[in-house]
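Have a look at upload_14.txt; it's compact mmCIF, C-alpha atoms:
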# COMPACT_ATOMS: atom_id res chain seq x y z
CA MET P 206 -54.98 -96.58 83.78
CA PHE P 207 -58.67 -96.69 82.85
CA GLY P 208 -60.95 -93.86 83.81
CA ARG P 209 -58.19 -91.18 83.70
CA PHE P 210 -59.23 -87.83 82.27
CA GLY P 211 -57.15 -85.34 80.35
CA ARG P 212 -57.40 -81.54 80.14
CA GLY P 213 -55.99 -80.86 76.73
CA GLY P 214 -57.59 -77.54 75.84
CA GLY P 215 -60.65 -78.20 77.97
CA ASN P 216 -61.33 -81.55 76.35
CA PHE P 217 -62.71 -84.57 78.16
CA VAL P 218 -60.95 -87.84 77.20
CA ALA P 219 -61.27 -91.19 78.98
CA GLN P 220 -60.76 -94.87 78.32
CA TYR P 221 -63.05 -97.62 79.58
CA ARG P 222 -63.58 -101.31 79.20
CA VAL P 223 -66.73 -101.82 77.24
CA TYR P 224 -69.62 -104.25 77.86
CA PRO P 225 -73.14 -104.50 76.39
CA VAL P 226 -76.08 -102.94 78.24
CA SER P 227 -77.59 -106.40 78.77
CA PHE P 228 -75.01 -106.90 81.56
CA VAL P 229 -76.90 -104.34 83.71
CA ASP P 230 -80.43 -105.45 82.67
CA LYS P 231 -81.01 -102.35 80.55
CA ASN P 232 -82.25 -104.00 77.36
CA GLU P 233 -84.43 -100.98 76.50
CA ALA P 234 -81.22 -99.03 75.85
CA GLU P 235 -80.63 -101.20 72.76
CA ASN P 236 -83.21 -99.06 70.93
CA GLY P 237 -81.07 -95.93 71.03
CA ASP P 238 -77.51 -94.57 71.09
CA LYS P 239 -77.15 -93.68 74.79
CA ILE P 240 -74.51 -95.24 77.03
CA PHE P 241 -73.74 -95.72 80.75
CA ILE P 242 -70.52 -94.26 82.21
CA PRO P 243 -69.22 -93.94 85.83
CA PRO P 244 -70.35 -91.07 88.12
CA SER P 245 -66.77 -89.82 88.29
CA ALA P 246 -67.12 -88.74 84.66
CA LEU P 247 -69.98 -86.41 85.67
CA ASP P 248 -67.85 -84.84 88.37
CA ARG P 249 -65.05 -84.31 85.92
CA LEU P 250 -67.34 -82.77 83.32
CA SER P 251 -68.75 -80.40 85.95
CA ASN P 252 -65.26 -79.27 86.89
CA LEU P 253 -64.51 -78.60 83.23
CA MET P 254 -67.61 -76.36 83.19
CA PHE P 255 -69.37 -78.11 80.34
CA ASP P 256 -72.83 -76.63 80.68
CA ASP P 257 -74.36 -77.94 77.46
CA PRO P 258 -77.93 -79.22 77.87
CA VAL P 259 -77.02 -82.35 75.89
CA MET P 260 -73.63 -83.99 76.25
CA LEU P 261 -72.37 -85.71 73.10
CA PHE P 262 -69.35 -88.00 72.97
CA GLU P 263 -67.21 -89.67 70.36
CA LEU P 264 -66.57 -93.37 70.88
CA SER P 265 -63.60 -94.81 68.99
CA ASN P 266 -61.77 -98.08 68.62
CA VAL P 267 -58.17 -97.00 68.21
CA LYS P 268 -56.92 -100.39 67.01
CA GLN P 269 -59.53 -100.81 64.25
CA LYS P 270 -59.78 -97.06 63.48
CA LYS P 271 -63.55 -97.09 63.91
CA ARG P 272 -65.59 -94.30 65.48
CA THR P 273 -69.15 -93.33 66.22
CA HIS P 274 -71.05 -90.79 68.33
CA CYS P 275 -73.46 -91.18 71.21
CA GLY P 276 -75.15 -89.57 74.19
CA VAL P 277 -75.26 -90.46 77.89
CA LEU P 278 -78.26 -92.07 79.53
CA GLU P 279 -76.99 -92.51 83.11
CA PHE P 280 -73.80 -91.99 85.15
CA THR P 281 -74.28 -95.23 87.09
CA ALA P 282 -71.63 -97.57 85.73
CA GLU P 283 -68.78 -99.00 87.77
CA GLU P 284 -65.46 -97.21 87.68
CA GLY P 285 -63.42 -98.07 84.59
CA VAL P 286 -66.41 -99.65 82.85
CA CYS P 287 -68.68 -98.38 80.11
CA TYR P 288 -71.94 -100.05 78.97
CA ILE P 289 -73.04 -99.41 75.37
CA PRO P 290 -75.68 -100.94 73.03
CA TYR P 291 -74.59 -104.15 71.34
CA TRP P 292 -75.22 -102.83 67.79
CA MET P 293 -72.76 -100.03 68.60
CA MET P 294 -70.17 -102.59 69.66
CA GLN P 295 -70.64 -104.31 66.28
CA ASN P 296 -70.07 -101.03 64.41
CA LEU P 297 -66.84 -100.46 66.34
CA LEU P 298 -65.72 -104.10 66.00
CA LEU P 299 -65.50 -104.45 69.77
CA THR P 300 -65.92 -107.51 71.98
CA GLU P 301 -66.62 -107.77 75.69
CA GLY P 302 -63.77 -106.30 77.76
CA ASP P 303 -62.12 -104.36 74.93
CA VAL P 304 -60.88 -100.82 75.51
CA VAL P 305 -62.80 -97.91 74.03
CA LYS P 306 -61.87 -94.23 73.92
CA LEU P 307 -64.49 -91.69 75.01
CA GLN P 308 -64.12 -88.01 74.12
CA TYR P 309 -66.43 -85.07 74.59
CA THR P 310 -67.44 -83.32 71.34
CA LYS P 311 -69.90 -80.89 69.76
CA LEU P 312 -71.88 -81.58 66.59
CA GLU P 313 -73.86 -79.46 64.13
CA LYS P 314 -77.59 -79.78 63.65
CA GLY P 315 -78.45 -82.18 60.85
CA ASN P 316 -80.85 -81.33 58.02
CA PHE P 317 -80.65 -84.37 55.71
CA VAL P 318 -80.04 -88.11 56.04
CA LYS P 319 -80.20 -90.90 53.47
CA LEU P 320 -80.81 -94.41 54.73
CA ARG P 321 -80.45 -97.82 53.08
CA PRO P 322 -82.12 -100.91 54.58
CA GLN P 323 -79.97 -104.02 54.53
CA THR P 324 -82.91 -106.26 53.61
CA LYS P 325 -86.01 -105.66 51.52
CA ASP P 326 -88.21 -106.87 54.39
CA PHE P 327 -88.13 -103.30 55.66
CA LEU P 328 -90.26 -102.29 52.66
CA ASP P 329 -93.07 -104.55 53.90
CA ILE P 330 -93.78 -102.10 56.73
CA SER P 331 -96.97 -100.19 55.97
CA ASP P 332 -95.48 -96.76 56.87
CA PRO P 333 -91.67 -96.98 57.12
CA LYS P 334 -91.17 -93.21 57.49
CA ALA P 335 -93.45 -93.09 60.55
CA VAL P 336 -91.61 -96.04 62.09
CA LEU P 337 -88.27 -94.35 61.39
CA GLU P 338 -89.45 -91.10 62.96
CA MET P 339 -90.45 -92.90 66.14
CA THR P 340 -87.11 -94.71 66.23
CA LEU P 341 -84.95 -91.62 65.70
CA ARG P 342 -86.52 -89.98 68.74
CA ARG P 343 -84.38 -92.29 70.87
CA TYR P 344 -81.19 -91.16 69.12
CA THR P 345 -79.14 -88.04 69.82
CA CYS P 346 -76.73 -88.10 66.87
CA LEU P 347 -75.94 -89.94 63.64
CA THR P 348 -72.60 -90.87 62.09
CA LEU P 349 -71.85 -91.61 58.44
CA ASP P 350 -71.35 -95.30 57.53
CA ASP P 351 -72.96 -96.43 60.78
CA THR P 352 -75.64 -99.12 60.95
CA ILE P 353 -78.52 -98.42 63.32
CA MET P 354 -81.12 -100.89 64.52
CA ILE P 355 -84.90 -100.42 64.26
CA ASN P 356 -87.02 -102.64 66.47
CA TYR P 357 -90.59 -102.95 65.14
CA ASN P 358 -93.22 -105.64 65.73
CA ASN P 359 -90.74 -107.89 67.53
CA ARG P 360 -88.40 -107.79 64.54
CA ARG P 361 -85.05 -106.09 64.13
CA TYR P 362 -84.23 -104.16 60.97
CA PHE P 363 -80.73 -102.84 60.31
CA VAL P 364 -80.38 -99.63 58.32
CA ASP P 365 -77.16 -98.12 56.95
CA ILE P 366 -76.49 -94.37 56.99
CA VAL P 367 -75.13 -93.60 53.51
CA GLU P 368 -75.37 -89.79 53.43
CA LEU P 369 -75.51 -86.95 55.96
CA LYS P 370 -75.69 -83.18 55.71
CA PRO P 371 -74.07 -80.80 56.59
CA ALA P 372 -71.31 -83.01 58.11
CA ASP P 373 -70.30 -86.65 58.53
CA ALA P 374 -71.65 -86.61 62.10
CA VAL P 375 -74.68 -84.51 63.10
CA CYS P 376 -76.95 -83.96 66.07
CA ILE P 377 -80.63 -84.74 65.41
CA LEU P 378 -82.17 -83.21 68.55
CA ASP P 379 -84.61 -80.31 68.01
CA CYS P 380 -84.06 -80.08 64.25
CA ASP P 381 -85.95 -80.58 60.99
CA LEU P 382 -84.38 -83.64 59.42
CA ASN P 383 -85.28 -84.59 55.86
CA THR P 384 -85.04 -88.34 55.22
CA ASP P 385 -84.58 -90.29 52.02
CA PHE P 386 -84.32 -94.02 51.31
CA ALA P 387 -81.98 -95.89 49.00
CA PRO P 388 -82.87 -99.34 47.56
CA PRO P 389 -82.13 -102.22 49.96
CA LEU P 390 -78.91 -104.15 49.58
CA ASP P 391 -80.65 -107.35 48.47
CA TYR P 392 -83.11 -105.61 46.14
CA VAL P 393 -83.00 -106.82 42.51
CA GLU P 394 -84.76 -104.84 39.80
CA PRO P 395 -87.15 -106.92 37.69
CA GLU P 396 -86.11 -107.54 34.11
CA PRO P 397 -88.07 -105.54 31.52
CA VAL P 398 -90.60 -107.50 29.50
CA PHE P 399 -90.77 -106.68 25.79
CA ARG P 400 -94.04 -107.53 24.11
CA ASN P 401 -94.09 -108.61 20.49
CA PRO P 402 -96.04 -106.29 18.14
CA PRO P 403 -99.33 -107.69 16.85
CA ALA P 404 -98.97 -109.46 13.49
CA VAL P 405 -101.41 -109.43 10.58
CA ASN P 406 -101.48 -112.47 8.23
CA GLY P 407 -98.18 -113.69 9.68
CA GLY P 408 -96.34 -110.44 8.83
CA ASN P 409 -95.83 -106.88 10.07
CA ILE P 410 -98.68 -104.40 10.16
CA LEU P 411 -96.89 -101.92 7.92
CA GLY P 412 -95.49 -104.64 5.66
CA LYS P 413 -91.86 -103.86 6.62
CA GLU P 414 -89.04 -106.37 6.94
CA LYS P 415 -85.65 -106.28 8.61
CA GLY P 416 -83.85 -105.67 5.32
CA GLY P 417 -85.82 -102.51 4.58
CA ALA P 418 -89.27 -101.23 3.73
CA LYS P 419 -91.06 -103.04 0.94
CA ARG P 420 -94.52 -102.82 -0.44
CA MET P 421 -97.00 -105.51 0.39
CA ASP P 422 -97.57 -106.52 -3.23
CA GLU P 423 -93.83 -107.00 -3.90
CA SER P 424 -92.82 -108.85 -0.73
CA ALA P 425 -95.94 -110.99 -0.44
CA GLU P 426 -95.48 -114.60 -1.48
CA PRO P 427 -98.13 -116.39 -3.56
CA GLU P 428 -100.68 -118.04 -1.36
CA PRO P 429 -101.11 -121.80 -1.71
CA ALA P 430 -104.27 -123.05 -3.36
CA ALA P 431 -107.05 -123.68 -0.89
CA ASP P 432 -108.42 -127.17 -0.49
CA GLU P 433 -111.73 -127.99 -2.10
CA GLY P 434 -113.35 -129.07 1.14
CA PRO P 435 -114.47 -126.46 3.68
CA LYS P 436 -111.93 -125.78 6.43
CA PHE P 437 -112.25 -124.26 9.89
CA LEU P 438 -109.45 -122.68 11.97
CA ALA P 439 -109.86 -123.88 15.54
CA PHE P 440 -108.69 -121.50 18.33
CA ALA P 441 -107.52 -118.85 15.89
CA GLY P 442 -108.02 -115.94 18.30
CA GLY P 443 -105.19 -114.22 20.14
CA GLY P 444 -104.57 -114.40 23.88
CA ASN P 445 -102.73 -112.37 26.53
CA ARG P 446 -101.32 -113.55 29.85
CA LEU P 447 -102.10 -111.81 33.14
CA ASP P 448 -98.43 -111.72 34.17
CA GLY P 449 -97.42 -109.80 31.01
CA LYS P 450 -95.32 -112.57 29.50
CA SER P 451 -95.53 -113.45 25.82
CA SER P 452 -97.63 -116.41 24.79
CA ARG P 453 -96.11 -119.63 23.50
CA PRO P 454 -94.97 -119.32 19.87
CA ASP P 455 -95.59 -123.00 19.09
CA LEU P 456 -99.36 -122.69 19.56
CA LYS P 457 -100.92 -122.11 16.12
CA PRO P 458 -104.49 -122.55 14.78
CA VAL P 459 -105.19 -125.95 13.26
CA GLU P 460 -107.32 -126.54 10.20
CA VAL P 461 -110.14 -129.05 10.69
CA ASP P 462 -112.87 -130.30 8.34
CA VAL P 463 -116.24 -128.64 8.71
CA PRO P 464 -118.84 -131.27 9.76
CA THR P 465 -121.85 -131.80 7.45
CA THR P 466 -125.47 -132.51 8.36
CA SER P 467 -125.73 -135.77 6.38
CA LEU P 468 -124.74 -139.02 8.06
CA ASN P 469 -122.31 -141.34 6.28
CA ILE P 470 -123.83 -144.73 7.18
CA PRO P 471 -121.92 -147.84 6.09
CA LYS P 472 -123.64 -150.30 3.78
CA GLU P 473 -123.38 -153.15 6.29
CA PHE P 474 -125.14 -151.08 8.95
CA GLU P 475 -127.82 -149.98 6.48
CA ARG P 476 -128.36 -153.60 5.41
CA PHE P 477 -128.84 -154.55 9.06
CA ILE P 478 -131.43 -151.79 9.54
CA ARG P 479 -133.38 -152.32 6.30
CA GLY P 480 -132.98 -156.09 6.11
CA PRO P 481 -132.06 -158.14 2.95
CA LYS P 482 -133.62 -157.17 -0.38
CA PRO P 483 -136.44 -159.42 -1.75
CA PRO P 484 -135.46 -161.68 -4.68
CA ASP P 485 -138.46 -160.70 -6.87
CA GLY P 486 -137.50 -157.06 -7.22
CA GLY P 487 -139.39 -155.97 -4.11
CA GLU P 488 -143.16 -156.18 -3.85
CA LYS P 489 -145.00 -153.71 -1.71
CA LYS P 490 -146.33 -156.37 0.62
CA LYS P 491 -142.94 -157.92 1.22
CA GLU P 492 -141.36 -154.52 1.67
CA GLU P 493 -143.89 -153.77 4.36
CA ASP P 494 -143.37 -157.16 6.00
CA GLY P 495 -139.61 -156.83 5.97
CA GLY P 496 -138.78 -158.77 2.80
CA GLY P 497 -139.90 -162.20 4.08
CA THR P 498 -137.47 -162.21 6.96
CA GLY P 499 -140.08 -161.57 9.61
CA LEU P 500 -138.48 -158.20 10.50
CA PRO P 501 -140.23 -154.90 9.79
CA ARG P 502 -138.45 -152.46 7.55
CA ARG P 503 -136.78 -149.51 9.40
CA LYS P 504 -136.61 -145.98 8.17
CA ALA P 505 -133.17 -144.52 7.57
CA GLY P 506 -131.88 -142.21 10.27
CA LYS P 507 -133.68 -143.85 13.19
CA LEU P 508 -132.30 -146.58 15.41
CA VAL P 509 -134.56 -148.84 17.51
CA PHE P 510 -132.70 -151.04 19.98
CA GLY P 511 -134.39 -154.34 20.85
CA GLY P 512 -136.96 -153.98 18.06
CA ALA P 513 -136.00 -157.24 16.33
CA ARG P 514 -136.64 -159.28 19.43
CA LYS P 515 -139.96 -157.58 20.06
CA ALA P 516 -141.08 -158.06 16.48
CA SER P 517 -140.09 -161.72 16.43
CA ALA P 518 -142.00 -162.29 19.67
CA GLU P 519 -145.15 -160.56 18.44
CA GLY P 520 -145.53 -161.17 14.69
CA GLY P 521 -142.62 -163.15 13.38
CA GLY P 522 -143.07 -166.07 15.79
CA GLY P 523 -146.39 -167.37 14.28
CA ALA P 524 -144.77 -169.80 11.83
CA ALA P 525 -142.69 -171.37 14.54
CA ALA P 526 -145.67 -171.75 16.91
CA LYS P 527 -147.81 -173.85 14.47
CA PRO P 528 -145.74 -177.09 14.51
CA LYS P 529 -145.72 -176.95 18.31
CA GLU P 530 -149.52 -176.95 18.38
CA GLU P 531 -149.65 -179.89 15.92
CA GLU P 532 -147.34 -181.92 18.13
CA LYS P 533 -149.69 -181.39 21.06
CA LYS P 534 -152.66 -182.64 19.06
CA GLU P 535 -150.95 -185.93 18.01
CA GLU P 536 -151.66 -188.76 20.43
CA PRO P 537 -148.84 -190.93 21.70
CA LYS P 538 -148.56 -194.43 20.17
CA PHE P 539 -148.14 -196.18 23.55
CA LYS P 540 -150.43 -195.75 26.54
CA ALA P 541 -149.80 -197.45 29.81
CA PHE P 542 -152.39 -199.57 31.66
CA GLN P 543 -154.77 -199.80 28.68
CA GLY P 544 -155.31 -203.62 28.73
CA THR P 545 -158.38 -205.60 30.01
CA GLY P 546 -158.47 -207.55 33.23
CA ASN P 547 -160.20 -210.86 34.43
CA LYS P 548 -161.52 -211.81 37.86
CA LEU P 549 -160.92 -215.16 39.69
CA ARG P 550 -164.55 -215.61 40.49

Would you mind giving the structure from this file in structure tokens?
Amino acid sequence: MFGRFGRGGGNFVAQYRVYPVSFVDKNEAENGDKIFIPPSALDRLSNLMFDDPVMLFELSNVKQKKRTHCGVLEFTAEEGVCYIPYWMMQNLLLTEGDVVKLQYTKLEKGNFVKLRPQTKDFLDISDPKAVLEMTLRRYTCLTLDDTIMINYNNRRYFVDIVELKPADAVCILDCDLNTDFAPPLDYVEPEPVFRNPPAVNGGNILGKEKGGAKRMDESAEPEPAADEGPKFLAFAGGGNRLDGKSSRPDLKPVEVDVPTTSLNIPKEFERFIRGPKPPDGGEKKKEEDGGGTGLPRRKAGKLVFGGARKASAEGGGGAAAKPKEEEKKEEPKFKAFQGTGNKLR
């Protein structure tokens, strides 16, 4: 029969059917470890002369061999019923309507607790120790291997209790409790990045190889003969990445020809600029006039676009204009209406 109490050596033991605190509209009780039990339990505890300022109880699931510890918030539950936080039901592997065993107990004051967040999102909190201190004020005791819930900024974080001192279950009221954090369950350590040592002339700085130490003059290979033309190493400097990773090994400096100041102009292009050579060896007058072609001679190294058309329009078009003027001066052989007329009178 549920709600029966036993007096074995002054102990308080009872069994209740368990339900979450949301069934009595007490959602704020989810942020702590306090439960609701019937008022008959208070009468029974008074008769047993338990005058402790804080009453602590051990909750246990006999079938699954799970246990935890809690305090009492109110003695207002119905007879045979106990309301506990839902996260506590999960730790005890209980469902709605299951039977739970409640027993009065005493716990030592705790002085150390080590916590382990289940997710690394808990590390994103700006001050996790301050948030934990505010949360633990709603708790009366802690039990080893339990998982407590921290509600912060409308998010729920679950934290495992991995170590307790001086016992596996301690009271945390009016005590100095030192806290420590273990890495989260889903935390993965980053792989170490090894940087390659800087190389000089494609080899080691000290001139050492894997087979052993050798002098530079013995291990150095003969350098190939340099090309006659001047060479330039493009992008020969070293570079480092901001993320610490090594640079690509396939990127090497490339040798390119050094550009000269002289222009290599093809003969066809030079012939177009200077014009054809005169047949008589090149007189000064013809050189100035463009070699009899009507085009002025251009100086090397300077391009003038549209100059040939302009020159032909201005100076070179005189020979072509003369026959046109002669044609205008010639009179036509036939003229209309040039005959004489006679009158009838």

Write out as an MDAnalysis selection string the residues lying within 12 Å of P:Asp329, counting all atoms listed in the file and excluding same-chain residues fewer than 3 positions away. chainID P and resid 322 324:326 332:333 336 357:358 362 389

With C-alpha atoms retained, write the just-selected residues as a compact mmCIF listing (two decimals), in the coordinates of the input.
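Heads up, here's the output in selection_15.txt:
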# COMPACT_ATOMS: atom_id res chain seq x y z
CA PRO P 322 -82.12 -100.91 54.58
CA THR P 324 -82.91 -106.26 53.61
CA LYS P 325 -86.01 -105.66 51.52
CA ASP P 326 -88.21 -106.87 54.39
CA ASP P 332 -95.48 -96.76 56.87
CA PRO P 333 -91.67 -96.98 57.12
CA VAL P 336 -91.61 -96.04 62.09
CA TYR P 357 -90.59 -102.95 65.14
CA ASN P 358 -93.22 -105.64 65.73
CA TYR P 362 -84.23 -104.16 60.97
CA PRO P 389 -82.13 -102.22 49.96

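Of note, atom CA of P:Phe241 and atom CA of P:Val364 are spaced 23.7 Å apart.
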
For each of P:Glu263, P:Glu284, P:Asp248, P:Glu235, take the minimum atom-to-atom distance to P:Gln308, counting all atoms listed in the file, then give the residue where this is smallest. P:Glu263

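Distances to P:Leu307 were evaluated for P:Leu382, P:Leu328, P:Cys287, P:Leu247 using only C-alpha atoms, and the minimum falls at P:Cys287.
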
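Nearest residue to P:Asp379, choosing from P:Gly444, P:Gly315, P:Pro244, P:Pro397 and counting all atoms listed in the file: P:Gly315.
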
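Across P:Asn359, P:Gln220, P:Thr273, P:Thr345, the tightest approach to P:Val304 is made by P:Gln220 when counting all atoms listed in the file.
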
Residue nearest P:Gly276 - candidates P:Asp257, P:Asp385, P:Glu301, P:Asp238, atoms counted: only C-alpha atoms: P:Asp238

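The closest residue to P:Ile355, picked from P:Lys370, P:Lys319, P:Arg446, P:Arg342 and counting all atoms listed in the file, is P:Arg342.
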
Can you measure atom CA of P:Arg360 to atom CA of P:Val229 for me? One decimal in Å is fine. 22.6 Å

For a cutoff of 9 Å around the file-coordinate point (-67.1, -84.5, 67.6), which residues qualify once you count all atoms listed in the file? I'd like the result as a list in words. Leu261, Phe262, Glu263, His274, Gln308, Tyr309, Thr310, Lys311, Leu312, Ala374 and Val375 of chain P
